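**Student:** Structure file work34.pdb, PDB, C-alpha atoms, is pasted below:
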ATOM      1  CA  GLN A 578     -22.740  36.984 167.252
ATOM      2  CA  ALA A 579     -25.646  38.361 169.263
ATOM      3  CA  LEU A 580     -28.398  36.058 170.480
ATOM      4  CA  PRO A 581     -32.001  36.735 169.431
ATOM      5  CA  GLY A 582     -33.086  40.007 170.971
ATOM      6  CA  GLY A 583     -29.628  41.482 170.643
ATOM      7  CA  TYR A 584     -28.047  40.081 173.825
ATOM      8  CA  ARG A 585     -24.322  39.466 173.894
ATOM      9  CA  ASP A 586     -21.462  39.459 176.355
ATOM     10  CA  CYS A 587     -17.772  38.585 176.459
ATOM     11  CA  LYS A 588     -16.720  35.625 178.610
ATOM     12  CA  ILE A 589     -13.112  35.185 179.728
ATOM     13  CA  ASN A 590     -11.938  31.986 181.432
ATOM     14  CA  LEU A 591      -9.091  32.397 183.923
ATOM     15  CA  LEU A 592      -7.109  29.639 185.630
ATOM     16  CA  VAL A 593      -6.794  30.620 189.303
ATOM     17  CA  MET A 594      -5.080  28.226 191.711
ATOM     18  CA  GLY A 595      -6.216  25.215 189.740
ATOM     19  CA  HIS A 596      -9.788  26.443 189.256
ATOM     20  CA  VAL A 597     -11.286  27.793 186.030
ATOM     21  CA  CYS A 598     -13.078  31.077 186.761
ATOM     22  CA  GLU A 599     -15.386  32.840 184.334
ATOM     23  CA  VAL A 600     -15.304  36.609 184.006
ATOM     24  CA  GLN A 601     -18.126  38.254 182.079
ATOM     25  CA  VAL A 602     -17.694  41.637 180.419
ATOM     26  CA  HIS A 603     -20.963  43.499 179.818
ATOM     27  CA  LEU A 604     -22.181  46.819 178.493
ATOM     28  CA  LEU A 605     -23.750  48.596 181.468
ATOM     29  CA  PRO A 606     -27.170  49.325 179.837
ATOM     30  CA  LEU A 607     -27.526  45.673 178.769
ATOM     31  CA  TRP A 608     -26.463  44.399 182.194
ATOM     32  CA  SER A 609     -28.993  46.702 183.870
ATOM     33  CA  VAL A 610     -31.775  45.021 181.889
ATOM     34  CA  CYS A 611     -30.396  41.504 182.306
ATOM     35  CA  THR A 612     -30.135  41.644 186.102
ATOM     36  CA  VAL A 613     -33.805  42.501 186.619
ATOM     37  CA  GLN A 614     -35.360  39.240 185.455
ATOM     38  CA  GLY A 615     -32.706  37.823 183.172
ATOM     39  CA  TYR A 616     -31.735  34.796 185.252
ATOM     40  CA  GLY A 617     -35.371  33.913 185.931
ATOM     41  CA  HIS A 618     -36.050  33.897 182.192
ATOM     42  CA  TYR A 619     -32.974  31.737 181.698
ATOM     43  CA  GLN A 620     -34.203  29.166 184.235
ATOM     44  CA  LYS A 621     -37.617  28.976 182.566
ATOM     45  CA  SER A 622     -35.971  28.584 179.163
ATOM     46  CA  VAL A 623     -33.943  25.628 180.400
ATOM     47  CA  GLU A 624     -36.933  24.111 182.231
ATOM     48  CA  TYR A 625     -39.118  24.182 179.122
ATOM     49  CA  SER A 626     -36.282  23.444 176.661
ATOM     50  CA  ILE A 627     -36.690  26.739 174.824
ATOM     51  CA  ASP A 628     -33.245  28.143 175.514
ATOM     52  CA  ASN A 629     -31.935  30.259 172.629
ATOM     53  CA  ILE A 630     -34.988  29.810 170.402
ATOM     54  CA  LYS A 631     -34.482  31.820 167.246
ATOM     55  CA  ASP A 632     -38.149  31.460 166.333
ATOM     56  CA  PRO A 633     -40.384  32.307 169.336
ATOM     57  CA  TYR A 634     -43.522  31.377 167.411
ATOM     58  CA  ARG A 635     -42.203  27.824 167.095
ATOM     59  CA  SER A 636     -43.296  27.156 170.674
ATOM     60  CA  LEU A 637     -46.940  27.560 169.552
ATOM     61  CA  LYS A 638     -46.830  24.533 167.249
ATOM     62  CA  SER A 639     -47.516  22.024 170.014
ATOM     63  CA  ILE A 640     -50.592  23.918 171.303
ATOM     64  CA  SER A 641     -54.041  22.799 170.130
ATOM     65  CA  ASP A 642     -56.259  25.113 168.101
ATOM     66  CA  LYS A 643     -58.813  25.068 170.910
ATOM     67  CA  THR A 644     -56.265  26.341 173.420
ATOM     68  CA  LEU A 645     -54.969  28.908 170.953
ATOM     69  CA  SER A 646     -58.495  30.217 170.460
ATOM     70  CA  GLN A 647     -58.806  30.600 174.209
ATOM     71  CA  LEU A 648     -55.493  32.460 174.245
ATOM     72  CA  VAL A 649     -56.882  34.854 171.640
ATOM     73  CA  ASP A 650     -59.657  35.729 174.090
ATOM     74  CA  VAL A 651     -57.112  36.210 176.876
ATOM     75  CA  GLY A 652     -54.903  38.362 174.665
ATOM     76  CA  THR A 653     -57.789  40.465 173.393
ATOM     77  CA  ASP A 654     -58.889  41.110 176.959
ATOM     78  CA  ALA A 655     -55.352  42.093 177.977
ATOM     79  CA  LEU A 656     -55.196  44.557 175.086
ATOM     80  CA  ARG A 657     -58.533  46.156 175.887
ATOM     81  CA  GLY A 658     -58.154  49.916 175.699
ATOM     82  CA  THR A 659     -55.002  49.730 173.542
ATOM     83  CA  THR A 660     -55.749  49.666 169.828
ATOM     84  CA  LEU A 661     -53.093  49.263 167.168
ATOM     85  CA  ASP A 662     -53.504  52.940 166.297
ATOM     86  CA  THR A 663     -52.914  54.044 169.899
ATOM     87  CA  LEU A 664     -50.125  51.517 170.596
ATOM     88  CA  ASP A 665     -47.057  53.408 171.787
ATOM     89  CA  LEU A 666     -43.465  52.319 171.176
ATOM     90  CA  ARG A 667     -42.727  52.916 174.891
ATOM     91  CA  ASP A 668     -45.461  50.529 176.043
ATOM     92  CA  GLU A 669     -43.328  47.390 176.128
ATOM     93  CA  LYS A 670     -45.952  45.242 177.835
ATOM     94  CA  GLN A 671     -48.620  45.864 175.205
ATOM     95  CA  LEU A 672     -46.078  45.535 172.405
ATOM     96  CA  LEU A 673     -45.282  42.049 173.663
ATOM     97  CA  ASN A 674     -48.980  41.230 174.032
ATOM     98  CA  TYR A 675     -49.622  42.186 170.428
ATOM     99  CA  PHE A 676     -46.519  40.248 169.356
ATOM    100  CA  ALA A 677     -47.875  37.097 171.025
ATOM    101  CA  LEU A 678     -51.327  37.647 169.520
ATOM    102  CA  ALA A 679     -49.868  37.950 166.019
ATOM    103  CA  GLY A 680     -48.134  34.598 166.440
ATOM    104  CA  ILE A 681     -51.372  32.963 167.564
ATOM    105  CA  TYR A 682     -53.246  34.403 164.584
ATOM    106  CA  LEU A 683     -50.586  32.996 162.248
ATOM    107  CA  ARG A 684     -50.903  29.586 163.884
ATOM    108  CA  LEU A 685     -54.713  29.719 163.475
ATOM    109  CA  ASN A 686     -54.360  30.690 159.798
ATOM    110  CA  GLN A 687     -55.861  34.119 160.399
ATOM    111  CA  ALA A 688     -53.165  35.763 158.304
ATOM    112  CA  ALA A 689     -54.921  39.102 157.692
ATOM    113  CA  LYS A 690     -55.219  39.775 161.424
ATOM    114  CA  ALA A 691     -51.585  38.794 161.929
ATOM    115  CA  GLU A 692     -50.538  41.079 159.075
ATOM    116  CA  ALA A 693     -52.209  44.134 160.596
ATOM    117  CA  ILE A 694     -50.390  43.609 163.891
ATOM    118  CA  LEU A 695     -47.014  42.789 162.348
ATOM    119  CA  VAL A 696     -47.075  45.876 160.121
ATOM    120  CA  ARG A 697     -47.685  48.085 163.145
ATOM    121  CA  LEU A 698     -45.064  46.368 165.315
ATOM    122  CA  ALA A 699     -42.398  46.456 162.596
ATOM    123  CA  THR A 700     -43.077  50.166 162.056
ATOM    124  CA  LEU A 701     -42.812  50.953 165.773
ATOM    125  CA  ARG A 702     -39.671  48.863 166.267
ATOM    126  CA  SER A 703     -38.039  50.532 163.276
ATOM    127  CA  ARG A 704     -38.665  53.919 164.917
ATOM    128  CA  THR A 705     -37.404  52.831 168.349
ATOM    129  CA  PRO A 706     -33.912  54.320 168.929
ATOM    130  CA  ALA A 707     -32.642  51.276 170.856
ATOM    131  CA  VAL A 708     -33.913  48.841 168.206
ATOM    132  CA  GLY A 709     -34.178  50.268 164.682
ATOM    133  CA  PRO A 710     -34.922  48.755 161.264
ATOM    134  CA  LEU A 711     -31.880  46.447 161.159
ATOM    135  CA  HIS A 712     -32.315  44.888 164.612
ATOM    136  CA  SER A 713     -32.921  41.130 164.758
ATOM    137  CA  GLU A 714     -36.311  41.722 166.392
ATOM    138  CA  THR A 715     -37.477  44.009 163.592
ATOM    139  CA  LEU A 716     -36.225  41.569 160.977
ATOM    140  CA  TYR A 717     -38.078  38.732 162.699
ATOM    141  CA  LEU A 718     -41.297  40.747 162.544
ATOM    142  CA  LYS A 719     -40.763  41.381 158.842
ATOM    143  CA  LYS A 720     -40.036  37.705 158.214
ATOM    144  CA  ASN A 721     -43.388  36.774 159.721
ATOM    145  CA  LEU A 722     -45.049  39.652 157.912
ATOM    146  CA  GLU A 723     -43.806  38.113 154.677
ATOM    147  CA  ALA A 724     -45.289  34.764 155.753
ATOM    148  CA  SER A 725     -48.659  36.361 156.524
ATOM    149  CA  LEU A 726     -48.722  38.009 153.099
ATOM    150  CA  ARG A 727     -47.893  34.772 151.295
ATOM    151  CA  ALA A 728     -50.620  32.976 153.265
ATOM    152  CA  GLN A 729     -53.047  35.497 151.737
ATOM    153  CA  GLU A 730     -51.487  34.996 148.293
ATOM    154  CA  LEU A 731     -50.308  38.611 148.259
ATOM    155  CA  ILE A 732     -47.186  37.559 146.399
ATOM    156  CA  GLU A 733     -45.965  40.950 145.143
ATOM    157  CA  GLU A 734     -46.162  42.516 148.606
ATOM    158  CA  ALA A 735     -44.431  39.483 150.116
ATOM    159  CA  ASP A 736     -41.652  39.658 147.512
ATOM    160  CA  VAL A 737     -40.967  43.277 148.463
ATOM    161  CA  ILE A 738     -40.439  42.259 152.105
ATOM    162  CA  ALA A 739     -38.331  39.267 151.036
ATOM    163  CA  GLU A 740     -36.045  41.523 149.000
ATOM    164  CA  GLN A 741     -35.630  43.892 151.951
ATOM    165  CA  LEU A 742     -34.604  40.970 154.154
ATOM    166  CA  ALA A 743     -32.228  39.651 151.489
ATOM    167  CA  GLU A 744     -30.590  43.077 151.186
ATOM    168  CA  VAL A 745     -29.997  43.203 154.941
ATOM    169  CA  GLU A 746     -28.474  39.703 154.788
ATOM    170  CA  ARG A 747     -26.155  40.783 151.970
ATOM    171  CA  ARG A 748     -25.138  43.868 153.934
ATOM    172  CA  HIS A 749     -24.385  41.839 157.051
ATOM    173  CA  LYS A 750     -22.297  39.379 155.041
ATOM    174  CA  ALA A 751     -20.344  42.193 153.398
ATOM    175  CA  GLU A 752     -19.635  43.789 156.783
ATOM    176  CA  ALA A 753     -18.489  40.435 158.199
ATOM    177  CA  ASP A 754     -16.224  39.860 155.192
ATOM    178  CA  ASP A 755     -14.747  43.360 155.554
ATOM    179  CA  ALA A 756     -14.068  42.778 159.258
ATOM    180  CA  THR A 757     -12.379  39.445 158.523
ATOM    181  CA  ALA A 758     -10.251  40.992 155.779
ATOM    182  CA  THR A 759      -9.173  43.817 158.077
ATOM    183  CA  LEU A 760      -8.175  41.340 160.790
ATOM    184  CA  TRP A 761      -6.086  39.296 158.366
ATOM    185  CA  GLU A 762      -4.405  42.452 157.054
ATOM    186  CA  PHE A 763      -3.373  43.280 160.612
ATOM    187  CA  LEU A 764      -2.174  39.751 161.400
ATOM    188  CA  LEU A 765      -0.126  39.564 158.201
ATOM    189  CA  THR A 766       1.785  42.825 158.736
ATOM    190  CA  ASP A 767       5.556  42.497 158.896
ATOM    191  CA  ASP A 768       5.807  43.537 162.553
ATOM    192  CA  VAL A 769       3.235  41.019 163.757
ATOM    193  CA  LEU A 770       4.797  38.190 161.746
ATOM    194  CA  ALA A 771       8.413  39.032 162.571
ATOM    195  CA  LYS A 772       7.944  39.705 166.294
ATOM    196  CA  PRO A 773       5.013  37.637 167.542
ATOM    197  CA  ASN A 774       6.399  37.083 171.066
ATOM    198  CA  MET A 775       7.976  40.478 171.704
ATOM    199  CA  ASP A 776       6.530  42.312 174.693
ATOM    200  CA  GLU A 777       5.780  46.046 174.676
ATOM    201  CA  GLU A 778       9.030  47.107 176.374
ATOM    202  CA  GLU A 779      11.191  45.074 173.999
ATOM    203  CA  TYR A 780       9.256  46.462 171.045
ATOM    204  CA  GLU A 781       9.849  50.062 172.161
ATOM    205  CA  LEU A 782      13.592  49.424 172.559
ATOM    206  CA  ASP A 783      13.704  47.804 169.134
ATOM    207  CA  GLU A 784      11.931  50.804 167.590
ATOM    208  CA  LYS A 785      14.471  53.232 169.172
ATOM    209  CA  GLU A 786      17.390  51.229 167.794
TER
END
Render the structure in this file as structure tokens.

**Tutor:**
Amino acid sequence: QALPGGYRDCKINLLVMGHVCEVQVHLLPLWSVCTVQGYGHYQKSVEYSIDNIKDPYRSLKSISDKTLSQLVDVGTDALRGTTLDTLDLRDEKQLLNYFALAGIYLRLNQAAKAEAILVRLATLRSRTPAVGPLHSETLYLKKNLEASLRAQELIEEADVIAEQLAEVERRHKAEADDATATLWEFLLTDDVLAKPNMDEEEYELDEKE
């Protein structure tokens, strides 16, 4: 299962001369991104005990309202010249700035401001080829969009988002169940059960006979 943000790799442990060695198998595009600042982010995550946080906004809970208000000023200044209407899906830095600002607004109970940002970000992420509407990042934005709507007592609008998220969850579960069923069908075939330890050469000879 992918980590938040979509990251995943395959780790293989090999026993070499009494030592356990780890081999990582990566997709080249993902590795190209990871090697730039990936390890630095990992170190900071461990240092501040935020490794593998599934809810980035959770880290705002321990910050005082006074500090959060100051961060709003910092964020607004950083976004000067980039309005929500002119925000471009290729401008990753400003996308992240707006993402952070939305979380701060939610924490300060300024739900309407958070809603405006989250709607725009979810729309842009849904249109981004490398992300799309079913990506964990897009779903996280929609989850918080639902929260911002409920905070404003916009129940019908929030229920629409909740149903969209529930449908995605049902689809993911169905796909996982299908994959599991397919695996068991393969493992329970006669050849696999009858010849579990037969190597490829022996199998070919057996087939010829």

**Student:** CA of Leu722 in chain A and CA of Arg657 in chain A are how many Å apart?

**Tutor:**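 According to the coordinates, CA of Leu722 in chain A and CA of Arg657 in chain A are separated by 23.4 Å.
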
**Student:** Given the file shown, determine the residues that the PyMOL selection byres ((chain A and resi 685-696) around 8) selects; report them as a PyMOL selection string.

**Tutor:** chain A and resi 642+645-646+661+675-676+678-684+697-700+718-719+721-722+725-726+728-729

**Student:** Mind giving me the straight-line distance from CA of Arg727 in chain A to CA of Val651 in chain A in Å, one decimal?

**Tutor:**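 CA of Arg727 in chain A sits 27.2 Å away from CA of Val651 in chain A.
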
**Student:** Grab the CA of Arg585 in chain A to CA of Leu607 in chain A distance for me, in Å with one decimal place.

**Tutor:**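 Going from CA of Arg585 in chain A over to CA of Leu607 in chain A covers 8.5 Å.
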
**Student:** Once the PyMOL selection byres ((chain A and resi 656) around 12) has been applied to the shown file, what residues remain in the selection, as a PyMOL selection string?

**Tutor:** chain A and resi 649-655+657-661+663-664+668+670-678

**Student:** List the spatial neighbours of Lys720 in chain A as an MDAnalysis selection string - criterion: any atom at most 8 Å away, only C-alpha atoms, same-chain residues fewer than 4 positions off excluded.

**Tutor:** chainID A and resid 716 724 738:739 742

**Student:** Return the padded bounding box of range 741-758 of chain A as lines of an AutoDock Vina configuration file: axis-aligned, built from all atoms listed in the file, 5 Å added on each side, with centre and edge lengths in Å to one decimal.

**Tutor:**
center_x = -22.9
center_y = 41.6
center_z = 155.2
size_x = 35.4
size_y = 14.5
size_z = 18.1
